[in-house]
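**Student:** I'm passing along run34.cif; it holds mmCIF, N, CA, C and O atoms.
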```cif
data_protein
loop_
_atom_site.label_atom_id
_atom_site.label_comp_id
_atom_site.auth_asym_id
_atom_site.auth_seq_id
_atom_site.Cartn_x
_atom_site.Cartn_y
_atom_site.Cartn_z
N MET X 554 -143.86 110.92 120.25
CA MET X 554 -143.40 109.55 120.15
C MET X 554 -142.93 109.10 121.54
O MET X 554 -142.20 109.82 122.22
N THR X 555 -143.33 107.93 121.96
CA THR X 555 -142.88 107.39 123.23
C THR X 555 -141.45 106.87 123.09
O THR X 555 -140.97 106.63 121.97
N ASN X 556 -140.80 106.66 124.22
CA ASN X 556 -139.45 106.10 124.18
C ASN X 556 -139.45 104.67 123.65
O ASN X 556 -138.48 104.25 123.00
N THR X 557 -140.52 103.94 123.88
CA THR X 557 -140.63 102.58 123.32
C THR X 557 -140.66 102.65 121.80
O THR X 557 -139.98 101.86 121.12
N GLU X 558 -141.43 103.56 121.25
CA GLU X 558 -141.48 103.73 119.79
C GLU X 558 -140.13 104.20 119.26
O GLU X 558 -139.67 103.72 118.22
N LEU X 559 -139.50 105.12 119.97
CA LEU X 559 -138.18 105.61 119.57
C LEU X 559 -137.18 104.47 119.53
O LEU X 559 -136.43 104.32 118.56
N LEU X 560 -137.17 103.62 120.55
CA LEU X 560 -136.23 102.51 120.60
C LEU X 560 -136.50 101.51 119.48
O LEU X 560 -135.56 100.99 118.86
N THR X 561 -137.76 101.26 119.18
CA THR X 561 -138.10 100.36 118.08
C THR X 561 -137.56 100.91 116.76
O THR X 561 -136.97 100.17 115.97
N ARG X 562 -137.70 102.19 116.53
CA ARG X 562 -137.17 102.82 115.31
C ARG X 562 -135.64 102.81 115.29
O ARG X 562 -135.03 102.65 114.23
N PHE X 563 -135.03 102.99 116.44
CA PHE X 563 -133.59 102.91 116.58
C PHE X 563 -133.09 101.53 116.15
O PHE X 563 -132.14 101.41 115.37
N PHE X 564 -133.76 100.48 116.63
CA PHE X 564 -133.40 99.11 116.25
C PHE X 564 -133.60 98.90 114.75
O PHE X 564 -132.78 98.25 114.09
N GLU X 565 -134.69 99.41 114.20
CA GLU X 565 -134.94 99.27 112.76
C GLU X 565 -133.84 99.95 111.95
O GLU X 565 -133.37 99.39 110.94
N ALA X 566 -133.41 101.13 112.38
CA ALA X 566 -132.33 101.85 111.68
C ALA X 566 -131.03 101.06 111.76
O ALA X 566 -130.27 101.01 110.78
N GLU X 567 -130.76 100.44 112.90
CA GLU X 567 -129.54 99.64 113.04
C GLU X 567 -129.57 98.45 112.09
O GLU X 567 -128.59 98.18 111.38
N ASN X 568 -130.67 97.72 112.05
CA ASN X 568 -130.77 96.56 111.15
C ASN X 568 -130.67 96.97 109.68
O ASN X 568 -130.14 96.22 108.86
N ALA X 569 -131.17 98.17 109.34
CA ALA X 569 -131.11 98.67 107.96
C ALA X 569 -129.77 99.34 107.64
O ALA X 569 -129.53 99.73 106.51
N ARG X 570 -128.93 99.50 108.66
CA ARG X 570 -127.64 100.20 108.52
C ARG X 570 -127.85 101.64 108.04
O ARG X 570 -127.05 102.19 107.31
N ASN X 571 -128.94 102.23 108.51
CA ASN X 571 -129.24 103.62 108.19
C ASN X 571 -128.61 104.49 109.28
O ASN X 571 -129.28 104.92 110.22
N TRP X 572 -127.31 104.73 109.14
CA TRP X 572 -126.55 105.35 110.21
C TRP X 572 -126.93 106.80 110.46
O TRP X 572 -126.83 107.28 111.59
N GLU X 573 -127.39 107.50 109.46
CA GLU X 573 -127.82 108.89 109.65
C GLU X 573 -129.03 108.96 110.58
O GLU X 573 -129.07 109.77 111.52
N VAL X 574 -130.02 108.12 110.32
CA VAL X 574 -131.21 108.07 111.17
C VAL X 574 -130.84 107.56 112.55
O VAL X 574 -131.24 108.12 113.58
N TYR X 575 -130.06 106.51 112.60
CA TYR X 575 -129.62 105.89 113.86
C TYR X 575 -128.96 106.92 114.76
O TYR X 575 -129.28 107.03 115.95
N ARG X 576 -128.03 107.69 114.22
CA ARG X 576 -127.28 108.71 114.96
C ARG X 576 -128.23 109.73 115.59
O ARG X 576 -127.98 110.22 116.70
N GLY X 577 -129.33 110.03 114.91
CA GLY X 577 -130.28 111.02 115.40
C GLY X 577 -131.01 110.63 116.68
O GLY X 577 -131.60 111.48 117.34
N TYR X 578 -130.96 109.36 117.05
CA TYR X 578 -131.61 108.90 118.29
C TYR X 578 -130.69 108.97 119.50
O TYR X 578 -131.12 108.70 120.62
N LEU X 579 -129.42 109.30 119.27
CA LEU X 579 -128.43 109.32 120.35
C LEU X 579 -128.22 110.72 120.90
O LEU X 579 -128.03 111.67 120.14
N HIS X 580 -128.22 110.84 122.20
CA HIS X 580 -127.89 112.09 122.87
C HIS X 580 -126.43 112.43 122.56
O HIS X 580 -125.60 111.52 122.46
N PRO X 581 -126.07 113.71 122.40
CA PRO X 581 -124.67 114.05 122.10
C PRO X 581 -123.68 113.51 123.13
O PRO X 581 -122.56 113.15 122.78
N GLN X 582 -124.08 113.41 124.40
CA GLN X 582 -123.20 112.88 125.44
C GLN X 582 -123.57 111.45 125.83
O GLN X 582 -123.35 111.03 126.98
N VAL X 583 -124.09 110.69 124.89
CA VAL X 583 -124.48 109.31 125.18
C VAL X 583 -123.29 108.55 125.78
O VAL X 583 -122.14 108.77 125.42
N MET X 584 -123.62 107.67 126.71
CA MET X 584 -122.63 106.76 127.29
C MET X 584 -123.14 105.33 127.08
O MET X 584 -124.30 105.04 127.37
N TRP X 585 -122.26 104.49 126.56
CA TRP X 585 -122.59 103.09 126.29
C TRP X 585 -121.57 102.26 127.05
O TRP X 585 -120.36 102.43 126.87
N PHE X 586 -122.06 101.39 127.90
CA PHE X 586 -121.20 100.49 128.66
C PHE X 586 -121.43 99.08 128.14
O PHE X 586 -122.50 98.52 128.34
N LEU X 587 -120.44 98.54 127.46
CA LEU X 587 -120.53 97.23 126.84
C LEU X 587 -119.83 96.22 127.75
O LEU X 587 -118.63 96.34 128.02
N HIS X 588 -120.59 95.23 128.20
CA HIS X 588 -120.07 94.24 129.14
C HIS X 588 -120.10 92.85 128.53
O HIS X 588 -121.15 92.39 128.08
N THR X 589 -118.95 92.19 128.53
CA THR X 589 -118.90 90.76 128.28
C THR X 589 -118.55 90.13 129.62
O THR X 589 -118.39 90.84 130.63
N GLU X 590 -118.38 88.82 129.67
CA GLU X 590 -117.98 88.21 130.93
C GLU X 590 -116.55 88.58 131.30
O GLU X 590 -116.17 88.51 132.46
N ASP X 591 -115.74 88.98 130.31
CA ASP X 591 -114.33 89.27 130.55
C ASP X 591 -113.98 90.75 130.53
O ASP X 591 -112.97 91.14 131.11
N THR X 592 -114.74 91.55 129.81
CA THR X 592 -114.38 92.96 129.65
C THR X 592 -115.56 93.87 129.94
O THR X 592 -116.72 93.46 129.83
N HIS X 593 -115.24 95.09 130.28
CA HIS X 593 -116.24 96.13 130.52
C HIS X 593 -115.71 97.38 129.84
O HIS X 593 -114.71 97.95 130.27
N MET X 594 -116.35 97.75 128.74
CA MET X 594 -115.84 98.83 127.92
C MET X 594 -116.80 100.02 127.89
O MET X 594 -117.93 99.89 127.43
N PRO X 595 -116.35 101.18 128.37
CA PRO X 595 -117.18 102.38 128.22
C PRO X 595 -116.94 103.04 126.87
O PRO X 595 -115.81 103.07 126.37
N VAL X 596 -118.00 103.52 126.27
CA VAL X 596 -117.94 104.26 125.00
C VAL X 596 -118.59 105.61 125.28
O VAL X 596 -119.76 105.66 125.66
N ALA X 597 -117.84 106.69 125.09
CA ALA X 597 -118.30 108.02 125.50
C ALA X 597 -118.57 108.92 124.31
O ALA X 597 -117.70 109.13 123.47
N GLY X 598 -119.79 109.44 124.24
CA GLY X 598 -120.14 110.42 123.23
C GLY X 598 -120.67 109.81 121.94
O GLY X 598 -120.42 108.66 121.61
N ARG X 599 -121.43 110.62 121.24
CA ARG X 599 -122.10 110.18 120.01
C ARG X 599 -121.10 109.73 118.94
O ARG X 599 -121.32 108.71 118.27
N GLU X 600 -120.00 110.46 118.77
CA GLU X 600 -119.06 110.12 117.69
C GLU X 600 -118.35 108.80 117.96
O GLU X 600 -118.21 107.97 117.07
N GLU X 601 -117.91 108.59 119.20
CA GLU X 601 -117.25 107.33 119.54
C GLU X 601 -118.24 106.17 119.42
O GLU X 601 -117.90 105.08 118.95
N TYR X 602 -119.47 106.40 119.85
CA TYR X 602 -120.53 105.38 119.74
C TYR X 602 -120.71 104.99 118.27
O TYR X 602 -120.72 103.81 117.94
N MET X 603 -120.84 106.00 117.41
CA MET X 603 -121.05 105.72 115.99
C MET X 603 -119.84 105.00 115.38
O MET X 603 -120.01 104.06 114.60
N ASP X 604 -118.63 105.42 115.73
CA ASP X 604 -117.43 104.73 115.23
C ASP X 604 -117.44 103.27 115.64
O ASP X 604 -117.17 102.38 114.83
N ARG X 605 -117.76 103.02 116.89
CA ARG X 605 -117.76 101.64 117.42
C ARG X 605 -118.83 100.78 116.73
O ARG X 605 -118.56 99.66 116.34
N ILE X 606 -120.04 101.30 116.58
CA ILE X 606 -121.12 100.51 116.00
C ILE X 606 -120.88 100.25 114.52
O ILE X 606 -121.08 99.15 114.02
N MET X 607 -120.40 101.26 113.80
CA MET X 607 -120.16 101.08 112.36
C MET X 607 -118.99 100.13 112.12
O MET X 607 -119.05 99.30 111.20
N THR X 608 -117.97 100.20 112.95
CA THR X 608 -116.86 99.25 112.84
C THR X 608 -117.33 97.84 113.14
O THR X 608 -116.94 96.88 112.46
N GLY X 609 -118.19 97.69 114.14
CA GLY X 609 -118.71 96.38 114.50
C GLY X 609 -119.53 95.72 113.39
O GLY X 609 -119.56 94.50 113.29
N TYR X 610 -120.17 96.53 112.57
CA TYR X 610 -121.00 95.99 111.49
C TYR X 610 -120.27 95.89 110.16
O TYR X 610 -120.84 95.39 109.19
N GLN X 611 -119.03 96.36 110.09
CA GLN X 611 -118.28 96.23 108.84
C GLN X 611 -118.18 94.76 108.48
O GLN X 611 -117.88 93.92 109.31
N ASN X 612 -118.45 94.44 107.23
CA ASN X 612 -118.37 93.06 106.73
C ASN X 612 -119.33 92.10 107.43
O ASN X 612 -119.07 90.91 107.49
N SER X 613 -120.41 92.60 107.98
CA SER X 613 -121.38 91.75 108.66
C SER X 613 -122.78 92.02 108.10
O SER X 613 -123.15 93.17 107.89
N LYS X 614 -123.53 90.96 107.92
CA LYS X 614 -124.91 91.09 107.49
C LYS X 614 -125.87 90.72 108.63
O LYS X 614 -127.06 90.59 108.42
N ALA X 615 -125.32 90.57 109.83
CA ALA X 615 -126.13 90.17 110.98
C ALA X 615 -127.21 91.21 111.28
O ALA X 615 -127.00 92.41 111.13
N THR X 616 -128.36 90.73 111.66
CA THR X 616 -129.45 91.58 112.13
C THR X 616 -129.90 91.00 113.47
O THR X 616 -129.41 89.95 113.90
N PHE X 617 -130.81 91.67 114.12
CA PHE X 617 -131.29 91.17 115.40
C PHE X 617 -132.76 91.46 115.56
O PHE X 617 -133.34 92.27 114.84
N THR X 618 -133.34 90.79 116.51
CA THR X 618 -134.73 91.02 116.87
C THR X 618 -134.80 91.34 118.35
O THR X 618 -133.99 90.86 119.14
N CYS X 619 -135.75 92.14 118.68
CA CYS X 619 -136.03 92.44 120.08
C CYS X 619 -137.11 91.46 120.52
O CYS X 619 -138.24 91.52 120.04
N GLU X 620 -136.74 90.54 121.38
CA GLU X 620 -137.68 89.51 121.82
C GLU X 620 -138.68 90.03 122.84
O GLU X 620 -139.79 89.54 122.92
N ARG X 621 -138.25 91.05 123.61
CA ARG X 621 -139.14 91.59 124.64
C ARG X 621 -138.59 92.91 125.14
O ARG X 621 -137.39 93.12 125.15
N MET X 622 -139.49 93.81 125.53
CA MET X 622 -139.12 95.07 126.17
C MET X 622 -139.92 95.22 127.44
O MET X 622 -141.10 94.89 127.47
N GLU X 623 -139.26 95.73 128.46
CA GLU X 623 -139.90 96.08 129.72
C GLU X 623 -139.62 97.56 129.95
O GLU X 623 -138.48 98.00 129.84
N THR X 624 -140.67 98.32 130.25
CA THR X 624 -140.55 99.77 130.39
C THR X 624 -140.87 100.19 131.82
O THR X 624 -141.83 99.70 132.42
N SER X 625 -140.06 101.11 132.35
CA SER X 625 -140.30 101.64 133.70
C SER X 625 -141.61 102.43 133.72
O SER X 625 -142.15 102.82 132.68
N THR X 626 -142.08 102.71 134.91
CA THR X 626 -143.31 103.48 135.08
C THR X 626 -143.22 104.84 134.39
O THR X 626 -144.17 105.27 133.73
N SER X 627 -142.08 105.51 134.51
CA SER X 627 -141.91 106.83 133.88
C SER X 627 -141.75 106.75 132.37
O SER X 627 -141.93 107.74 131.67
N GLY X 628 -141.36 105.58 131.86
CA GLY X 628 -141.10 105.42 130.44
C GLY X 628 -139.70 105.83 130.04
O GLY X 628 -139.34 105.74 128.86
N ASN X 629 -138.89 106.27 131.00
CA ASN X 629 -137.54 106.74 130.70
C ASN X 629 -136.46 105.67 130.81
O ASN X 629 -135.30 105.94 130.53
N ARG X 630 -136.83 104.47 131.21
CA ARG X 630 -135.89 103.34 131.23
C ARG X 630 -136.56 102.16 130.57
O ARG X 630 -137.70 101.81 130.89
N ILE X 631 -135.83 101.55 129.63
CA ILE X 631 -136.35 100.38 128.93
C ILE X 631 -135.29 99.29 128.96
O ILE X 631 -134.12 99.53 128.66
N VAL X 632 -135.72 98.08 129.30
CA VAL X 632 -134.87 96.91 129.24
C VAL X 632 -135.29 96.11 128.01
O VAL X 632 -136.47 95.80 127.84
N ALA X 633 -134.32 95.82 127.14
CA ALA X 633 -134.60 95.09 125.90
C ALA X 633 -133.83 93.77 125.90
O ALA X 633 -132.64 93.74 126.23
N PHE X 634 -134.51 92.72 125.51
CA PHE X 634 -133.91 91.40 125.38
C PHE X 634 -133.73 91.15 123.88
O PHE X 634 -134.72 91.05 123.15
N LEU X 635 -132.47 91.08 123.44
CA LEU X 635 -132.15 91.03 122.01
C LEU X 635 -131.50 89.71 121.63
O LEU X 635 -130.76 89.12 122.42
N LYS X 636 -131.74 89.29 120.38
CA LYS X 636 -131.11 88.10 119.83
C LYS X 636 -130.71 88.41 118.40
O LYS X 636 -131.52 88.89 117.61
N ASN X 637 -129.44 88.13 118.05
CA ASN X 637 -129.01 88.41 116.69
C ASN X 637 -129.12 87.17 115.81
O ASN X 637 -129.33 86.05 116.30
N SER X 638 -128.98 87.37 114.51
CA SER X 638 -129.16 86.29 113.54
C SER X 638 -128.06 85.24 113.62
O SER X 638 -128.19 84.17 113.03
N ASN X 639 -127.00 85.51 114.37
CA ASN X 639 -125.94 84.53 114.59
C ASN X 639 -126.15 83.75 115.88
O ASN X 639 -125.32 82.94 116.26
N GLY X 640 -127.25 84.03 116.59
CA GLY X 640 -127.57 83.33 117.83
C GLY X 640 -127.11 84.03 119.09
O GLY X 640 -127.40 83.58 120.19
N GLY X 641 -126.37 85.14 118.96
CA GLY X 641 -125.92 85.89 120.12
C GLY X 641 -127.09 86.58 120.81
O GLY X 641 -128.05 86.99 120.16
N ARG X 642 -126.99 86.70 122.13
CA ARG X 642 -128.04 87.34 122.89
C ARG X 642 -127.45 88.42 123.79
O ARG X 642 -126.30 88.35 124.19
N SER X 643 -128.29 89.41 124.10
CA SER X 643 -127.88 90.45 125.04
C SER X 643 -129.09 91.00 125.76
O SER X 643 -130.23 90.87 125.29
N ILE X 644 -128.80 91.59 126.90
CA ILE X 644 -129.80 92.37 127.63
C ILE X 644 -129.27 93.79 127.64
O ILE X 644 -128.12 94.03 128.04
N ASP X 645 -130.07 94.72 127.17
CA ASP X 645 -129.67 96.12 127.08
C ASP X 645 -130.62 96.98 127.89
O ASP X 645 -131.84 96.83 127.78
N ILE X 646 -130.04 97.86 128.68
CA ILE X 646 -130.83 98.80 129.47
C ILE X 646 -130.58 100.19 128.90
O ILE X 646 -129.43 100.62 128.79
N PHE X 647 -131.64 100.85 128.50
CA PHE X 647 -131.57 102.19 127.91
C PHE X 647 -132.24 103.20 128.83
O PHE X 647 -133.35 102.97 129.29
N ASP X 648 -131.55 104.31 129.07
CA ASP X 648 -132.13 105.44 129.79
C ASP X 648 -132.22 106.61 128.81
O ASP X 648 -131.30 106.83 128.01
N PHE X 649 -133.33 107.33 128.87
CA PHE X 649 -133.61 108.41 127.93
C PHE X 649 -133.56 109.77 128.62
O PHE X 649 -133.94 109.90 129.78
N GLU X 650 -133.10 110.75 127.87
CA GLU X 650 -133.06 112.14 128.34
C GLU X 650 -133.41 113.03 127.15
O GLU X 650 -132.82 112.88 126.07
N ASP X 651 -134.35 113.91 127.34
CA ASP X 651 -134.77 114.84 126.28
C ASP X 651 -135.15 114.11 124.99
O ASP X 651 -134.87 114.58 123.89
N GLY X 652 -135.78 112.94 125.13
CA GLY X 652 -136.25 112.20 123.97
C GLY X 652 -135.15 111.52 123.18
O GLY X 652 -135.37 111.12 122.03
N LEU X 653 -133.96 111.34 123.78
CA LEU X 653 -132.83 110.68 123.12
C LEU X 653 -132.24 109.64 124.05
O LEU X 653 -132.39 109.71 125.27
N ILE X 654 -131.52 108.69 123.47
CA ILE X 654 -130.83 107.68 124.27
C ILE X 654 -129.62 108.33 124.92
O ILE X 654 -128.72 108.81 124.24
N ARG X 655 -129.62 108.35 126.25
CA ARG X 655 -128.53 109.00 127.00
C ARG X 655 -127.55 107.99 127.58
O ARG X 655 -126.37 108.22 127.66
N TRP X 656 -128.08 106.84 128.04
CA TRP X 656 -127.26 105.80 128.65
C TRP X 656 -127.67 104.45 128.08
O TRP X 656 -128.87 104.19 127.92
N GLU X 657 -126.69 103.61 127.78
CA GLU X 657 -126.98 102.23 127.39
C GLU X 657 -126.01 101.32 128.13
O GLU X 657 -124.80 101.55 128.14
N TYR X 658 -126.58 100.32 128.77
CA TYR X 658 -125.81 99.29 129.45
C TYR X 658 -126.10 97.99 128.72
O TYR X 658 -127.24 97.51 128.74
N GLU X 659 -125.10 97.45 128.03
CA GLU X 659 -125.31 96.23 127.24
C GLU X 659 -124.52 95.09 127.84
O GLU X 659 -123.31 95.18 128.04
N TYR X 660 -125.24 94.00 128.13
CA TYR X 660 -124.64 92.81 128.71
C TYR X 660 -124.78 91.69 127.69
O TYR X 660 -125.89 91.23 127.41
N LEU X 661 -123.64 91.26 127.14
CA LEU X 661 -123.64 90.19 126.16
C LEU X 661 -123.74 88.86 126.89
O LEU X 661 -123.02 88.61 127.86
N LEU X 662 -124.64 88.00 126.41
CA LEU X 662 -124.84 86.67 126.99
C LEU X 662 -124.28 85.65 126.00
O LEU X 662 -124.98 85.22 125.09
N GLU X 663 -123.04 85.33 126.14
CA GLU X 663 -122.38 84.48 125.14
C GLU X 663 -122.33 83.05 125.58
O GLU X 663 -122.28 82.72 126.71
#
```
The structure in this file should be written as structure tokens.
**Tutor:**
Amino acid sequence: MTNTELLTRFFEAENARNWEVYRGYLHPQVMWFLHTEDTHMPVAGREEYMDRIMTGYQNSKATFTCERMETSTSGNRIVAFLKNSNGGRSIDIFDFEDGLIRWEYEYLLE
């Protein structure tokens, strides 16, 4: 499976709230850097990542679509342009290691 296919399945699992499958795409030492215009929050490790994402979706039915993906020559870096059902947008940069998401840089465009 290519990293592009892996990321597509990761997004599908997130929209379906299939947290067991979703968790399986994350490297144990995943780092997620969430950036708004006012804050920059690092999230370290698979467990903290899962806690943060599941808390964020509590009481929410929002889903999102990936409007476009750009992949590096090696296939190990993917830039995704996302839009959620509430109109929010973000640009996310994913780096892969050993077939798992190792780094995510998310920039919210509010």
**Student:** Can you list, as a ChimeraX atom specification, all residues belonging to chain X that DSSP tags as alpha helix (DSSP H)?
**Tutor:** /X:556-569,572-576,599-610
**Student:** Taking the file as shown, find all residues satisfying the PyMOL selection byres ((chain X and resi 645) around 5) and write them as a list in words.
**Tutor:**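 What the PyMOL selection byres ((chain X and resi 645) around 5) grabs from the file is Ile631, Val632, Ala633, Ser643, Ile644, Ile646, Phe647, Tyr658, Glu659 and Tyr660 of chain X.
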**Student:** Could you list, as a list in words, every residue within 6 Å of Ser638 in chain X, counting all atoms listed in the file and ignoring same-chain residues fewer than 3 positions away?
**Tutor:**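 The residues that qualify are Ala615, Thr616, Phe617, Thr618 and Gly641 of chain X.
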**Student:** What is the atom C of Lys636 in chain X to atom O of Cys619 in chain X distance in Å?
**Tutor:**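 Distance between the two atoms: 8.3 Å.
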**Student:** Starting from the displayed file, determine the output of the PyMOL selection byres ((chain X and resi 557-569) around 7) and express the residue list as a list of chain:residue names.
**Tutor:**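 Checked against the file, the PyMOL selection byres ((chain X and resi 557-569) around 7) matches X:Met554, X:Thr555, X:Asn556, X:Arg570, X:Asn571, X:Trp572, X:Val574, X:Tyr575, X:Tyr578, X:Lys614, X:Ala615, X:Thr616, X:Phe617, X:Gly628, X:Gly652.
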**Student:** Between X:Glu573, X:Glu600, X:Thr624, X:Arg605, single out the one closest to Leu587 in chain X, counting only C-alpha atoms.
**Tutor:**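 Among X:Glu573, X:Glu600, X:Thr624, X:Arg605, it is X:Arg605 that comes nearest to Leu587 in chain X.
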**Student:** Pick from X:Arg642, X:Leu661, X:Met607, X:Phe634: nearest to Glu590 in chain X, with only C-alpha atoms counted?
**Tutor:**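 Between X:Arg642, X:Leu661, X:Met607, X:Phe634, the residue approaching Glu590 in chain X most closely is X:Leu661.
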**Student:** Name the closest residue to Gly640 in chain X among the candidates X:Glu663, X:Glu620, X:Tyr610, X:Leu653; distances are taken between atoms, counting only N, CA, C and O atoms.
**Tutor:** X:Glu663
**Student:** Report, as AutoDock Vina command-line options, the centre and edge lengths in Å (one decimal) of the axis-aligned box enclosing every listed atom of range 602-614 of chain X, padded by 4 Å on each side.
**Tutor:**
```
--center_x -122.0 --center_y 98.5 --center_z 113.3 --size_x 18.2 --size_y 23.8 --size_z 21.1
```
